[in-house]
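**Q** Before I ask anything, let me first share the structure, which is written out below as structure tokens.
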Amino acid sequence: MAALTDLLAFDVEQSAVSLWICRGPRGGATDDPAYTARWVGLTQDLETVLKATVNGHRSQIADVQPYDFLSAIPAGGAMTIDDDETHAGLLTAYLATQTQQKRVRNEGDLYNCTFYVIKLVHGDSIVYAVRKTDAVWQTKRSLSMRSVIFRENELTIANDPRFDIATNIDFYIVDDEILVCHMGHFETILRYKQAHQGDFAALQGEIAFQAVFDDIAPLIDHVGQNKIRLRRASAIRQKGHYRDQNFMTRLRQQAEQYGFTIQFHQNGTIIPTEETCAQIITALLDHRLSSAFSTQIYDVQGAVVIAS
């Protein structure tokens with residue numbers, strides 16, 4: 001994938017590095033997310049550590065796949081998605097200008113931030129390495145815990161405020177692509193769940209989808225605001241099996257054979273119930289498959305077509 005190629009080709013050592021402390025996303029579910037951020041001055045040692053963090057983490061990425069709502073990202077793997085499918089532009093626009101008005105004023109600007117961004121600039125190229133903050137950045141923890149350090153063979157109180165920099169990155173923004181290494185943090189920071197909500201709303205409005213059901217309300221209630229179910233609804237819309245009359249005919253004919261207890265109206269529409277909504281989602285995703293070798297029937301997380 002181009003994002004990983006560009007990331008690996010980027011000259012981290014010769015780049016100018018800055019660290020931005022960020023809050024957000026804020027705003028209602030139907031609004032574009034809002035971000036605020038401040039950059040903080042760095043010692044030479046910390047600049048070296050930040051560059052080493054990016055260098056070390058990017059070298060571990062060996063496998064890249066297109067972003068998939070339902071698949072997990074394995075260790076050493078990543079997924080790519082175009083930045084214009086997300087709210088990344090709102091974040092990078094805020095980080096574009098490093099003015100004195102945006103500089104961290106005191107330690108209060110550091111506490112309770114949501115995430116931080118390591119911004120690397122070399123020539124016309126920019127890499128943003130984004131990481132969700134850990135609990136040590138929260139005021140609540142600073143009030144309930146005291147940091148200690150080991151010095152000269154004994155423990156002593158660390159009186160200065162302490163903030164940790166992780167050795168891994170949640171996602172990178174490289175040119176017009178995003179390289180996602182931690183799906184949950186990526187979706188939280190860029191409010192990608194909102195995109196799933198929009199997909200589900202659009203799915204409900206499709207005449208072809210409505211026509212599949214006797215009553216769509218139980219399925220809407222089942223999905224609700226659940227992140228995993230919203231992801232699956234987005235995948236259902238993306239796959240579009242409900243628009244394929246042959247697929248739907250075979251589903252009605254073979255549902256029982258494949259262990260589904262989905263109820264059908266005499267006119268062929270699906271009758272969703274609280275007990276069968278999860279099965280309906282599995283069926284419309286085409287995620288219940290039969291092995292020709294073991295003759296067993298399995299539910300799968302992702303179905304990659306090898307040959308048809």
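The chains in the structure tokens are called A, B, ... from first to last as shown; in each chain the residues are counted from 1, and the ligands are counted from 1 in the order shown.
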Identify, with DSSP run on backbone atoms, the residues in stretch 80-277 of chain A assigned to helix (DSSP H, G or I), and express the list as a PyMOL selection string.

**A** chain A and resi 83-85+88-94+100-102+107-109+135-137+139-144+183-189+192-205+207-210+217-223+227-239+241-243+245-254+277

**Q** Within 8 Å of stretch 204-214 of chain A, counting only C-alpha atoms, which residues qualify if same-chain residues fewer than 2 places away don't, as a short mmCIF file (atom, residue, chain, number, x, y, z; two decimals) with N, CA, C and O atoms, in the first residue's frame?

**A**
data_model
loop_
_atom_site.label_atom_id
_atom_site.label_comp_id
_atom_site.auth_asym_id
_atom_site.auth_seq_id
_atom_site.Cartn_x
_atom_site.Cartn_y
_atom_site.Cartn_z
N PHE A 200 -25.73 3.58 8.64
CA PHE A 200 -26.92 2.85 9.09
C PHE A 200 -28.18 3.66 8.79
O PHE A 200 -29.21 3.10 8.39
N ALA A 201 -28.10 4.96 8.98
CA ALA A 201 -29.26 5.81 8.66
C ALA A 201 -29.57 5.74 7.17
O ALA A 201 -30.75 5.65 6.76
N ALA A 202 -28.52 5.76 6.33
CA ALA A 202 -28.73 5.65 4.89
C ALA A 202 -29.29 4.29 4.52
O ALA A 202 -30.15 4.17 3.63
N ILE A 216 -39.00 -3.26 10.02
CA ILE A 216 -37.58 -3.00 10.24
C ILE A 216 -37.26 -2.53 11.65
O ILE A 216 -36.11 -2.54 12.09
N TYR A 242 -28.45 -7.72 0.12
CA TYR A 242 -29.91 -7.57 0.20
C TYR A 242 -30.51 -7.07 -1.11
O TYR A 242 -31.72 -7.19 -1.34
N ARG A 243 -29.67 -6.51 -1.98
CA ARG A 243 -30.15 -6.03 -3.27
C ARG A 243 -30.18 -7.15 -4.32
O ARG A 243 -30.70 -6.96 -5.41
N HIS A 265 -42.13 -14.13 6.45
CA HIS A 265 -43.54 -13.95 6.16
C HIS A 265 -43.88 -14.77 4.91
O HIS A 265 -43.00 -15.10 4.11
N THR A 269 -40.82 -11.82 3.02
CA THR A 269 -40.05 -10.85 3.80
C THR A 269 -39.62 -11.46 5.13
O THR A 269 -40.24 -12.39 5.65
N ILE A 270 -38.53 -10.91 5.67
CA ILE A 270 -38.00 -11.37 6.95
C ILE A 270 -38.77 -10.72 8.08
O ILE A 270 -39.06 -9.52 8.04
N ILE A 271 -39.08 -11.52 9.11
CA ILE A 271 -39.76 -11.00 10.31
C ILE A 271 -38.71 -10.91 11.43
O ILE A 271 -38.40 -11.92 12.07
N PRO A 272 -38.11 -9.74 11.65
CA PRO A 272 -37.08 -9.64 12.69
C PRO A 272 -37.69 -9.79 14.09
O PRO A 272 -38.77 -9.27 14.37
#

**Q** For a test of reading the model, state the distance in Å between atom CA of A:Gly41 and atom CA of A:Thr167, rounded to one decimal.

**A** 19.7 Å

**Q** What is the atom CA of A:Ser59-atom CA of A:Phe186 distance in Å, reported with one decimal?

**A** 19.8 Å

**Q** Quick one: pick out all strand (DSSP E) residues within stretch 60-123 of chain A from a backbone DSSP run and write them as a list of chain:residue names.

**A**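 Selection result, strand (DSSP E) within stretch 60-123 of chain A: A:Asp63, A:Val64, A:Gln65, A:Pro66, A:Gly77, A:Ala78, A:Met79, A:Thr80, A:Ile81, A:Asp82, A:Phe115, A:Tyr116, A:Val117, A:Ile118, A:Lys119, A:Leu120, A:Val121, A:His122.
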
**Q** Could you jot down the atom CA of A:Pro66 to atom CA of A:Ile81 separation for me, Å, one decimal place?

**A**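 Atom-to-atom, atom CA of A:Pro66 and atom CA of A:Ile81 are spaced 6.5 Å apart.
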
**Q** Taking only C-alpha atoms into account, which of A:Glu187, A:Asp164, A:Asp84, A:Glu152 comes nearest A:Phe69?

**A**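 Of A:Glu187, A:Asp164, A:Asp84, A:Glu152, the one nearest A:Phe69, counting only C-alpha atoms, is A:Glu187.
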
**Q** Could you name the residues that touch A:Ala166 at 10 Å or less, counting only C-alpha atoms, but leaving out those on the same chain fewer than 4 positions away, as an NGL selection string?

**A** :A and (50 or 53 or 131-134 or 170)

**Q** Set the distance at 12 Å and use only C-alpha atoms: which residues neighbour A:Asn112 once local chain neighbours fewer than 4 positions away are removed? I'd like the list as a ChimeraX atom specification.

**A** /A:21-24,37,107-108,116,132-142,163

**Q** Take the residues from that selection and put them in a file with N, CA and C atoms, as a PDB file, in the first residue's frame.

**A**
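out08.pdb, freshly written:
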ATOM      1  N   ILE A  21      -0.446  18.544  21.789  1.00  0.00           N
ATOM      2  CA  ILE A  21      -1.320  17.977  22.811  1.00  0.00           C
ATOM      3  C   ILE A  21      -2.755  18.340  22.434  1.00  0.00           C
ATOM      4  N   CYS A  22      -3.594  17.349  22.244  1.00  0.00           N
ATOM      5  CA  CYS A  22      -4.893  17.575  21.603  1.00  0.00           C
ATOM      6  C   CYS A  22      -6.067  17.184  22.490  1.00  0.00           C
ATOM      7  N   ARG A  23      -7.160  17.926  22.313  1.00  0.00           N
ATOM      8  CA  ARG A  23      -8.440  17.605  22.949  1.00  0.00           C
ATOM      9  C   ARG A  23      -9.505  17.469  21.868  1.00  0.00           C
ATOM     10  N   GLY A  24     -10.411  16.547  22.093  1.00  0.00           N
ATOM     11  CA  GLY A  24     -11.478  16.303  21.133  1.00  0.00           C
ATOM     12  C   GLY A  24     -11.586  14.802  20.886  1.00  0.00           C
ATOM     13  N   ALA A  37      -5.781  22.064  19.998  1.00  0.00           N
ATOM     14  CA  ALA A  37      -4.462  21.485  20.231  1.00  0.00           C
ATOM     15  C   ALA A  37      -3.461  22.589  20.556  1.00  0.00           C
ATOM     16  N   GLU A 107       1.324  23.473  32.819  1.00  0.00           N
ATOM     17  CA  GLU A 107       1.018  22.042  32.891  1.00  0.00           C
ATOM     18  C   GLU A 107      -0.476  21.759  32.778  1.00  0.00           C
ATOM     19  N   GLY A 108      -1.323  22.740  33.110  1.00  0.00           N
ATOM     20  CA  GLY A 108      -2.761  22.553  32.989  1.00  0.00           C
ATOM     21  C   GLY A 108      -3.197  22.287  31.561  1.00  0.00           C
ATOM     22  N   TYR A 116      -2.200  12.766  21.580  1.00  0.00           N
ATOM     23  CA  TYR A 116      -1.143  13.663  21.139  1.00  0.00           C
ATOM     24  C   TYR A 116      -0.715  13.277  19.728  1.00  0.00           C
ATOM     25  N   LYS A 132      -3.392   7.882  21.330  1.00  0.00           N
ATOM     26  CA  LYS A 132      -4.297   8.193  22.435  1.00  0.00           C
ATOM     27  C   LYS A 132      -3.509   8.231  23.733  1.00  0.00           C
ATOM     28  N   THR A 133      -3.831   9.182  24.612  1.00  0.00           N
ATOM     29  CA  THR A 133      -3.095   9.301  25.868  1.00  0.00           C
ATOM     30  C   THR A 133      -3.501   8.218  26.862  1.00  0.00           C
ATOM     31  N   ASP A 134      -2.572   7.907  27.753  1.00  0.00           N
ATOM     32  CA  ASP A 134      -2.819   6.945  28.828  1.00  0.00           C
ATOM     33  C   ASP A 134      -3.322   7.682  30.071  1.00  0.00           C
ATOM     34  N   ALA A 135      -3.633   6.906  31.104  1.00  0.00           N
ATOM     35  CA  ALA A 135      -4.232   7.466  32.323  1.00  0.00           C
ATOM     36  C   ALA A 135      -3.338   8.478  33.023  1.00  0.00           C
ATOM     37  N   VAL A 136      -2.020   8.370  32.821  1.00  0.00           N
ATOM     38  CA  VAL A 136      -1.099   9.270  33.517  1.00  0.00           C
ATOM     39  C   VAL A 136      -1.308  10.728  33.104  1.00  0.00           C
ATOM     40  N   TRP A 137      -1.970  10.958  31.973  1.00  0.00           N
ATOM     41  CA  TRP A 137      -2.226  12.320  31.513  1.00  0.00           C
ATOM     42  C   TRP A 137      -3.468  12.923  32.155  1.00  0.00           C
ATOM     43  N   GLN A 138      -4.186  12.160  32.970  1.00  0.00           N
ATOM     44  CA  GLN A 138      -5.435  12.639  33.554  1.00  0.00           C
ATOM     45  C   GLN A 138      -5.198  13.301  34.910  1.00  0.00           C
ATOM     46  N   THR A 139      -5.894  14.413  35.172  1.00  0.00           N
ATOM     47  CA  THR A 139      -5.781  15.108  36.450  1.00  0.00           C
ATOM     48  C   THR A 139      -6.143  14.189  37.604  1.00  0.00           C
ATOM     49  N   LYS A 140      -7.167  13.383  37.434  1.00  0.00           N
ATOM     50  CA  LYS A 140      -7.630  12.480  38.496  1.00  0.00           C
ATOM     51  C   LYS A 140      -6.513  11.573  38.966  1.00  0.00           C
ATOM     52  N   ARG A 141      -5.725  11.053  38.028  1.00  0.00           N
ATOM     53  CA  ARG A 141      -4.639  10.163  38.413  1.00  0.00           C
ATOM     54  C   ARG A 141      -3.548  10.941  39.135  1.00  0.00           C
ATOM     55  N   SER A 142      -3.260  12.152  38.672  1.00  0.00           N
ATOM     56  CA  SER A 142      -2.195  12.940  39.294  1.00  0.00           C
ATOM     57  C   SER A 142      -2.539  13.299  40.737  1.00  0.00           C
ATOM     58  N   PHE A 163       4.416  12.846  32.470  1.00  0.00           N
ATOM     59  CA  PHE A 163       3.584  12.440  31.346  1.00  0.00           C
ATOM     60  C   PHE A 163       4.354  11.404  30.541  1.00  0.00           C
TER      61      PHE A 163
END

**Q** At a cut-off of 8 Å, using only C-alpha atoms, what residues contact A:Arg237? Leave out same-chain residues fewer than 2 positions from it and give the result as a CSV table (one decimal) with N, CA, C and O atoms, in the first residue's frame.

**A**
chain,number,residue,atom,x,y,z
A,199,ASP,N,-24.0,5.6,7.8
A,199,ASP,CA,-24.2,4.5,7.0
A,199,ASP,C,-25.5,3.8,7.3
A,199,ASP,O,-26.3,3.4,6.5
A,200,PHE,N,-25.7,3.6,8.6
A,200,PHE,CA,-26.9,2.8,9.1
A,200,PHE,C,-28.2,3.7,8.8
A,200,PHE,O,-29.2,3.1,8.4
A,203,LEU,N,-28.8,3.3,5.2
A,203,LEU,CA,-29.3,1.9,4.9
A,203,LEU,C,-30.8,1.8,5.2
A,203,LEU,O,-31.5,1.2,4.4
A,233,ALA,N,-23.6,-3.1,10.3
A,233,ALA,CA,-24.6,-2.5,9.5
A,233,ALA,C,-23.9,-1.8,8.3
A,233,ALA,O,-24.4,-1.9,7.1
A,234,SER,N,-22.8,-1.1,8.5
A,234,SER,CA,-22.0,-0.5,7.5
A,234,SER,C,-21.5,-1.5,6.5
A,234,SER,O,-21.6,-1.3,5.2
A,235,ALA,N,-21.1,-2.7,7.0
A,235,ALA,CA,-20.6,-3.7,6.1
A,235,ALA,C,-21.7,-4.3,5.3
A,235,ALA,O,-21.5,-4.7,4.1
A,239,LYS,N,-21.6,-4.5,1.3
A,239,LYS,CA,-21.7,-5.7,0.5
A,239,LYS,C,-22.9,-5.7,-0.4
A,239,LYS,O,-22.9,-6.2,-1.5
A,240,GLY,N,-24.0,-5.2,0.1
A,240,GLY,CA,-25.2,-5.1,-0.7
A,240,GLY,C,-25.9,-6.4,-1.1
A,240,GLY,O,-26.7,-6.4,-2.1

**Q** Could you tell me which of A:Asp31, A:Ser18, A:Asn246, A:Leu251 comes closest to A:Ala96 if we count only C-alpha atoms?

**A**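 Of the candidates, the smallest distance to A:Ala96 is held by A:Ser18.
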
**Q** Have a look at A:Val104, A:Ile262, A:Ala78, A:Leu91 and name the one nearest to A:Val117; count only C-alpha atoms.

**A** A:Leu91
